[in-house]
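S.K.: My structure is in input_26.tsv, and what it holds is TSV, C-alpha atoms:
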```tsv
chain	number	residue	atom	x	y	z
A	1	MET	CA	45.99	39.42	-144.37
A	2	LYS	CA	45.77	35.82	-145.60
A	3	LEU	CA	48.13	34.78	-142.82
A	4	PHE	CA	45.88	36.40	-140.22
A	5	SER	CA	42.79	34.75	-141.74
A	6	ARG	CA	44.44	31.31	-141.64
A	7	PHE	CA	45.61	31.87	-138.05
A	8	ALA	CA	42.11	32.94	-136.96
A	9	THR	CA	40.53	29.90	-138.66
A	10	LEU	CA	43.06	27.56	-137.07
A	11	PHE	CA	42.58	29.15	-133.64
A	12	PHE	CA	38.76	28.98	-133.91
A	13	THR	CA	38.84	25.32	-135.05
A	14	GLY	CA	41.20	24.40	-132.21
A	15	ALA	CA	38.97	26.14	-129.67
A	16	VAL	CA	35.89	24.28	-130.92
A	17	ILE	CA	37.67	20.91	-130.75
A	18	PHE	CA	38.99	21.68	-127.25
A	19	LEU	CA	35.52	22.62	-125.96
A	20	ALA	CA	33.95	19.53	-127.53
A	21	LEU	CA	36.51	17.25	-125.90
A	22	ALA	CA	36.18	19.00	-122.54
A	23	ALA	CA	32.41	18.43	-122.57
A	24	THR	CA	32.72	14.70	-123.36
A	25	PRO	CA	33.36	12.16	-120.57
A	26	ALA	CA	36.87	10.70	-120.81
A	27	SER	CA	35.62	7.12	-120.77
A	28	LYS	CA	32.79	4.96	-119.56
A	29	SER	CA	34.89	3.98	-116.55
A	30	ALA	CA	34.96	7.64	-115.47
A	31	ALA	CA	31.15	7.84	-115.54
A	32	ALA	CA	29.07	7.01	-112.48
A	33	LYS	CA	28.26	3.33	-112.08
A	34	ASP	CA	24.79	1.92	-111.57
A	35	MET	CA	24.21	0.75	-108.02
A	36	VAL	CA	21.43	-1.31	-106.45
A	37	VAL	CA	21.52	-1.97	-102.70
A	38	PRO	CA	18.61	-3.85	-101.10
A	39	ALA	CA	17.80	-2.47	-97.64
A	40	GLU	CA	18.66	-5.77	-95.94
A	41	GLN	CA	22.21	-5.59	-97.36
A	42	MET	CA	22.98	-2.11	-95.99
A	43	LYS	CA	25.61	-2.32	-93.26
A	44	PHE	CA	25.04	0.68	-91.02
A	45	GLN	CA	27.89	2.19	-89.01
A	46	GLN	CA	27.31	3.99	-85.72
A	47	ALA	CA	27.82	7.74	-86.18
A	48	MET	CA	26.76	8.83	-82.68
A	49	PRO	CA	24.95	7.03	-79.84
A	50	GLY	CA	21.51	6.06	-81.22
A	51	ILE	CA	22.40	7.19	-84.77
A	52	SER	CA	23.80	5.05	-87.58
A	53	LYS	CA	24.54	5.70	-91.27
A	54	TYR	CA	24.93	3.77	-94.48
A	55	ASN	CA	26.92	5.75	-97.02
A	56	LEU	CA	25.49	5.58	-100.55
A	57	TRP	CA	27.90	7.84	-102.44
A	58	GLY	CA	30.80	10.18	-101.76
A	59	ASP	CA	32.73	10.25	-98.50
A	60	PRO	CA	31.28	12.16	-95.52
A	61	ALA	CA	34.75	12.31	-93.96
A	62	LYS	CA	36.22	14.09	-96.99
A	63	GLY	CA	33.54	15.84	-99.04
A	64	PRO	CA	30.02	15.70	-100.48
A	65	TYR	CA	28.04	12.55	-99.74
A	66	GLY	CA	24.63	10.88	-99.69
A	67	ALA	CA	23.58	8.51	-96.89
A	68	ILE	CA	20.70	6.72	-95.26
A	69	THR	CA	20.66	7.78	-91.59
A	70	ARG	CA	18.76	5.99	-88.81
A	71	PHE	CA	17.86	7.43	-85.40
A	72	ALA	CA	16.66	5.06	-82.67
A	73	LYS	CA	13.32	6.23	-81.26
A	74	GLY	CA	13.75	9.05	-78.76
A	75	THR	CA	17.32	9.89	-79.86
A	76	LYS	CA	17.96	13.64	-79.80
A	77	VAL	CA	20.94	15.72	-80.89
A	78	ALA	CA	21.06	18.92	-78.81
A	79	TRP	CA	21.55	22.36	-80.36
A	80	HIS	CA	24.20	22.13	-83.06
A	81	THR	CA	25.37	23.28	-86.48
A	82	HIS	CA	27.13	21.54	-89.37
A	83	PRO	CA	30.15	22.82	-91.32
A	84	HIS	CA	28.29	22.40	-94.65
A	85	ASP	CA	24.71	22.58	-95.92
A	86	ILE	CA	22.59	19.43	-95.50
A	87	LYS	CA	19.41	18.32	-97.27
A	88	ALA	CA	17.24	15.51	-95.91
A	89	VAL	CA	14.05	13.63	-96.78
A	90	VAL	CA	12.17	11.63	-94.15
A	91	ILE	CA	11.70	8.01	-95.27
A	92	SER	CA	9.96	6.64	-92.18
A	93	GLY	CA	9.19	7.72	-88.63
A	94	THR	CA	8.84	11.30	-87.40
A	95	LEU	CA	11.66	13.84	-87.42
A	96	LEU	CA	11.44	16.44	-84.64
A	97	TYR	CA	13.24	19.52	-85.97
A	98	ASN	CA	13.71	22.90	-84.30
A	99	ASN	CA	15.71	25.75	-85.84
A	100	GLY	CA	14.66	28.28	-83.21
A	101	SER	CA	11.16	28.86	-84.55
A	102	GLY	CA	9.54	26.03	-82.62
A	103	GLU	CA	9.62	22.26	-82.96
A	104	LYS	CA	8.23	20.83	-86.19
A	105	ARG	CA	7.03	17.22	-86.55
A	106	LEU	CA	7.98	16.00	-90.01
A	107	GLY	CA	6.65	12.69	-91.33
A	108	PRO	CA	7.55	10.55	-94.35
A	109	GLY	CA	8.14	12.56	-97.52
A	110	SER	CA	9.00	15.75	-95.61
A	111	PHE	CA	12.06	17.73	-96.71
A	112	VAL	CA	14.57	19.80	-94.70
A	113	GLN	CA	17.35	21.99	-96.06
A	114	GLU	CA	19.79	23.26	-93.44
A	115	ARG	CA	22.34	25.94	-94.11
A	116	SER	CA	25.62	25.36	-92.30
A	117	SER	CA	25.12	28.40	-90.09
A	118	ILE	CA	21.70	27.37	-88.74
A	119	LYS	CA	21.62	26.32	-85.08
A	120	HIS	CA	19.07	23.52	-84.67
A	121	THR	CA	18.04	20.34	-82.86
A	122	THR	CA	17.26	17.03	-84.56
A	123	ALA	CA	15.44	14.09	-82.96
A	124	ALA	CA	13.40	10.97	-83.58
A	125	SER	CA	10.00	10.92	-81.91
A	126	ALA	CA	9.67	8.69	-78.83
A	127	ASP	CA	7.20	6.35	-80.54
A	128	SER	CA	9.22	5.17	-83.57
A	129	ASP	CA	12.64	4.92	-85.16
A	130	LEU	CA	13.46	7.54	-87.79
A	131	VAL	CA	15.04	6.90	-91.20
A	132	ILE	CA	16.11	9.76	-93.48
A	133	TYR	CA	17.98	10.17	-96.74
A	134	GLU	CA	20.65	12.83	-96.19
A	135	GLU	CA	22.96	14.70	-98.57
A	136	GLY	CA	25.83	16.87	-97.40
A	137	ALA	CA	27.61	19.51	-99.47
A	138	GLY	CA	30.92	18.75	-97.76
A	139	PRO	CA	32.46	16.72	-94.92
A	140	PHE	CA	29.96	15.85	-92.17
A	141	ALA	CA	30.39	16.96	-88.56
A	142	VAL	CA	28.17	17.93	-85.64
A	143	ASN	CA	29.29	21.08	-83.81
A	144	LEU	CA	27.42	21.28	-80.51
A	145	VAL	CA	26.51	24.81	-79.41
A	146	LYS	CA	24.79	26.32	-76.37
```
Please re-express this file's structure in structure tokens.
M.R.:
Amino acid sequence: MKLFSRFATLFFTGAVIFLALAATPASKSAAAKDMVVPAEQMKFQQAMPGISKYNLWGDPAKGPYGAITRFAKGTKVAWHTHPHDIKAVVISGTLLYNNGSGEKRLGPGSFVQERSSIKHTTAASADSDLVIYEEGAGPFAVNLVK
């Protein structure tokens, strides 16, 4: 009985130590780093005609990401879906968004959450450029549909 009691105590202590270590970051270098990027230092890359992105974190070619996305005024992406969910906040301009229930005009501060299966259109109004903050749950792609 004493042997069982010692084994149980040893097992319990080991489990507690394991869980404590698993919950602690391995090192400060493994933790996220602070980042400050003034707008004038962002180097945007063309994603599609009239649309450019500056990647803030992650890698939109490989997995989850966050980016600042700019649409030139009047730029429209026809009916499409994405392979992963996307969340976006309008920073400036007007986002014209239609998910089949009619076009919505979304100004600064507006939020959109798109499930990957939702067919929709996205556009910048004709009177101003559009800037949004966008987060994707996985690799980014535009799948045009009819």
S.K.: Quick one: distance from atom CA of Thr121 of chain A to atom CA of Val89 of chain A in Å, one decimal?
M.R.: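 Atom CA of Val89 of chain A lies 16.0 Å from atom CA of Thr121 of chain A.
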S.K.: Excluding segment 94-109 of chain A and its own-chain neighbours fewer than 5 positions away, which residues fall within 12 Å of it when counting all atoms listed in the file? Please give them as a PyMOL selection string.
M.R.: chain A and resi 69-81+88-89+114-133
S.K.: Measuring atom to atom with only C-alpha atoms, identify which of A:Lys87, A:His82, A:Lys43, A:Lys33 is nearest to Trp57 of chain A.
M.R.: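 Smallest distance to Trp57 of chain A is found for A:Lys33.
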S.K.: Work out how far atom CA of Ala39 of chain A is from atom CA of Ile51 of chain A, in Å to one decimal.
M.R.: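 So the two atoms, atom CA of Ile51 of chain A and atom CA of Ala39 of chain A, lie 16.7 Å apart.
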S.K.: With 7 Å as the threshold, what does the neighbourhood of (20.1, 7.3, -99.5) contain in terms of residues, counting only C-alpha atoms? Coordinates are those of the file; answer as a PyMOL selection string.
M.R.: chain A and resi 56+66-68+133-134
S.K.: Using the selection just defined, write its residues with C-alpha atoms as a PDB file, in the frame of the given file.
M.R.:
```
ATOM      1  CA  LEU A  56      25.490   5.580-100.550  1.00  0.00           C
ATOM      2  CA  GLY A  66      24.630  10.880 -99.690  1.00  0.00           C
ATOM      3  CA  ALA A  67      23.580   8.510 -96.890  1.00  0.00           C
ATOM      4  CA  ILE A  68      20.700   6.720 -95.260  1.00  0.00           C
ATOM      5  CA  TYR A 133      17.980  10.170 -96.740  1.00  0.00           C
ATOM      6  CA  GLU A 134      20.650  12.830 -96.190  1.00  0.00           C
TER       7      GLU A 134
END
```
S.K.: Report the distance between atom CA of Lys62 of chain A and atom CA of Pro139 of chain A in Å, rounded to one decimal place.
M.R.: 5.0 Å
S.K.: Around segment 74-78 of chain A, with edges along x, y and z and 3 Å added on all six sides, what centre and edge lengths do you get, in Å to one decimal, as lines of an AutoDock Vina configuration file?
M.R.:
```
center_x = 17.4
center_y = 14.0
center_z = -79.8
size_x = 13.3
size_y = 15.9
size_z = 8.1
```
S.K.: Residues around (30.8, 18.0, -96.5), cut-off 7 Å, counting all atoms listed in the file - what are they as a PyMOL selection string?
M.R.: chain A and resi 60+62-65+84+136-140
S.K.: Nearest residue to Glu40 of chain A out of A:Pro83, A:Val112, A:Ala61, A:Tyr54, using all atoms listed in the file?
M.R.: A:Tyr54
S.K.: Since the input is missing atoms, can you rebuild N, CA and C atoms for segment 26-57 of chain A and write them as an mmCIF file, keeping the file's coordinate frame?
M.R.:
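Full text of result-v2.cif as output:
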```cif
data_model
loop_
_atom_site.group_PDB
_atom_site.id
_atom_site.type_symbol
_atom_site.label_atom_id
_atom_site.label_comp_id
_atom_site.auth_asym_id
_atom_site.auth_seq_id
_atom_site.Cartn_x
_atom_site.Cartn_y
_atom_site.Cartn_z
ATOM 1 N N ALA A 26 35.620 11.317 -120.340
ATOM 2 C CA ALA A 26 36.870 10.700 -120.810
ATOM 3 C C ALA A 26 36.659 9.256 -121.214
ATOM 4 N N SER A 27 35.884 8.520 -120.436
ATOM 5 C CA SER A 27 35.620 7.120 -120.770
ATOM 6 C C SER A 27 34.416 6.665 -119.977
ATOM 7 N N LYS A 28 33.919 5.494 -120.315
ATOM 8 C CA LYS A 28 32.790 4.960 -119.560
ATOM 9 C C LYS A 28 33.187 4.635 -118.136
ATOM 10 N N SER A 29 34.454 4.301 -117.907
ATOM 11 C CA SER A 29 34.890 3.980 -116.550
ATOM 12 C C SER A 29 34.896 5.216 -115.666
ATOM 13 N N ALA A 30 34.980 6.418 -116.254
ATOM 14 C CA ALA A 30 34.960 7.640 -115.470
ATOM 15 C C ALA A 30 33.537 8.049 -115.106
ATOM 16 N N ALA A 31 32.541 7.506 -115.809
ATOM 17 C CA ALA A 31 31.150 7.840 -115.540
ATOM 18 C C ALA A 31 30.686 7.113 -114.274
ATOM 19 N N ALA A 32 29.634 7.644 -113.664
ATOM 20 C CA ALA A 32 29.070 7.010 -112.480
ATOM 21 C C ALA A 32 28.575 5.613 -112.819
ATOM 22 N N LYS A 33 28.705 4.704 -111.864
ATOM 23 C CA LYS A 33 28.260 3.330 -112.080
ATOM 24 C C LYS A 33 26.868 3.151 -111.502
ATOM 25 N N ASP A 34 26.097 2.271 -112.118
ATOM 26 C CA ASP A 34 24.790 1.920 -111.570
ATOM 27 C C ASP A 34 25.015 1.212 -110.243
ATOM 28 N N MET A 35 24.072 1.380 -109.323
ATOM 29 C CA MET A 35 24.210 0.750 -108.020
ATOM 30 C C MET A 35 22.834 0.373 -107.512
ATOM 31 N N VAL A 36 22.671 -0.847 -107.052
ATOM 32 C CA VAL A 36 21.430 -1.310 -106.450
ATOM 33 C C VAL A 36 21.807 -1.946 -105.125
ATOM 34 N N VAL A 37 21.207 -1.446 -104.031
ATOM 35 C CA VAL A 37 21.520 -1.970 -102.700
ATOM 36 C C VAL A 37 20.205 -2.257 -101.975
ATOM 37 N N PRO A 38 19.808 -3.528 -101.870
ATOM 38 C CA PRO A 38 18.610 -3.850 -101.100
ATOM 39 C C PRO A 38 18.796 -3.435 -99.638
ATOM 40 N N ALA A 39 17.734 -2.981 -99.019
ATOM 41 C CA ALA A 39 17.800 -2.470 -97.640
ATOM 42 C C ALA A 39 18.438 -3.470 -96.687
ATOM 43 N N GLU A 40 18.125 -4.755 -96.863
ATOM 44 C CA GLU A 40 18.660 -5.770 -95.940
ATOM 45 C C GLU A 40 20.162 -5.977 -96.091
ATOM 46 N N GLN A 41 20.759 -5.454 -97.160
ATOM 47 C CA GLN A 41 22.210 -5.590 -97.360
ATOM 48 C C GLN A 41 22.988 -4.353 -96.898
ATOM 49 N N MET A 42 22.289 -3.326 -96.458
ATOM 50 C CA MET A 42 22.980 -2.110 -95.990
ATOM 51 C C MET A 42 23.602 -2.395 -94.628
ATOM 52 N N LYS A 43 24.898 -2.117 -94.521
ATOM 53 C CA LYS A 43 25.610 -2.320 -93.260
ATOM 54 C C LYS A 43 25.843 -0.961 -92.619
ATOM 55 N N PHE A 44 24.999 -0.623 -91.663
ATOM 56 C CA PHE A 44 25.040 0.680 -91.020
ATOM 57 C C PHE A 44 26.197 0.748 -90.023
ATOM 58 N N GLN A 45 26.803 1.921 -89.952
ATOM 59 C CA GLN A 45 27.890 2.190 -89.010
ATOM 60 C C GLN A 45 27.405 3.231 -88.007
ATOM 61 N N GLN A 46 27.718 3.021 -86.729
ATOM 62 C CA GLN A 46 27.310 3.990 -85.720
ATOM 63 C C GLN A 46 28.034 5.315 -85.952
ATOM 64 N N ALA A 47 27.260 6.407 -86.007
ATOM 65 C CA ALA A 47 27.820 7.740 -86.180
ATOM 66 C C ALA A 47 27.888 8.467 -84.836
ATOM 67 N N MET A 48 26.875 8.262 -84.025
ATOM 68 C CA MET A 48 26.760 8.830 -82.680
ATOM 69 C C MET A 48 25.882 7.844 -81.903
ATOM 70 N N PRO A 49 25.850 7.927 -80.577
ATOM 71 C CA PRO A 49 24.950 7.030 -79.840
ATOM 72 C C PRO A 49 23.502 7.187 -80.338
ATOM 73 N N GLY A 50 22.893 6.058 -80.738
ATOM 74 C CA GLY A 50 21.510 6.060 -81.220
ATOM 75 C C GLY A 50 21.347 6.451 -82.680
ATOM 76 N N ILE A 51 22.460 6.761 -83.370
ATOM 77 C CA ILE A 51 22.400 7.190 -84.770
ATOM 78 C C ILE A 51 23.401 6.378 -85.587
ATOM 79 N N SER A 52 22.918 5.805 -86.698
ATOM 80 C CA SER A 52 23.800 5.050 -87.580
ATOM 81 C C SER A 52 23.564 5.479 -89.021
ATOM 82 N N LYS A 53 24.593 5.274 -89.869
ATOM 83 C CA LYS A 53 24.540 5.700 -91.270
ATOM 84 C C LYS A 53 25.015 4.595 -92.184
ATOM 85 N N TYR A 54 24.418 4.590 -93.379
ATOM 86 C CA TYR A 54 24.930 3.770 -94.480
ATOM 87 C C TYR A 54 25.239 4.737 -95.610
ATOM 88 N N ASN A 55 26.500 4.816 -95.983
ATOM 89 C CA ASN A 55 26.920 5.750 -97.020
ATOM 90 C C ASN A 55 26.593 5.202 -98.397
ATOM 91 N N LEU A 56 25.873 6.001 -99.202
ATOM 92 C CA LEU A 56 25.490 5.580 -100.550
ATOM 93 C C LEU A 56 26.482 6.058 -101.602
ATOM 94 N N TRP A 57 26.951 7.288 -101.474
ATOM 95 C CA TRP A 57 27.900 7.840 -102.440
ATOM 96 C C TRP A 57 28.741 8.908 -101.756
#
```
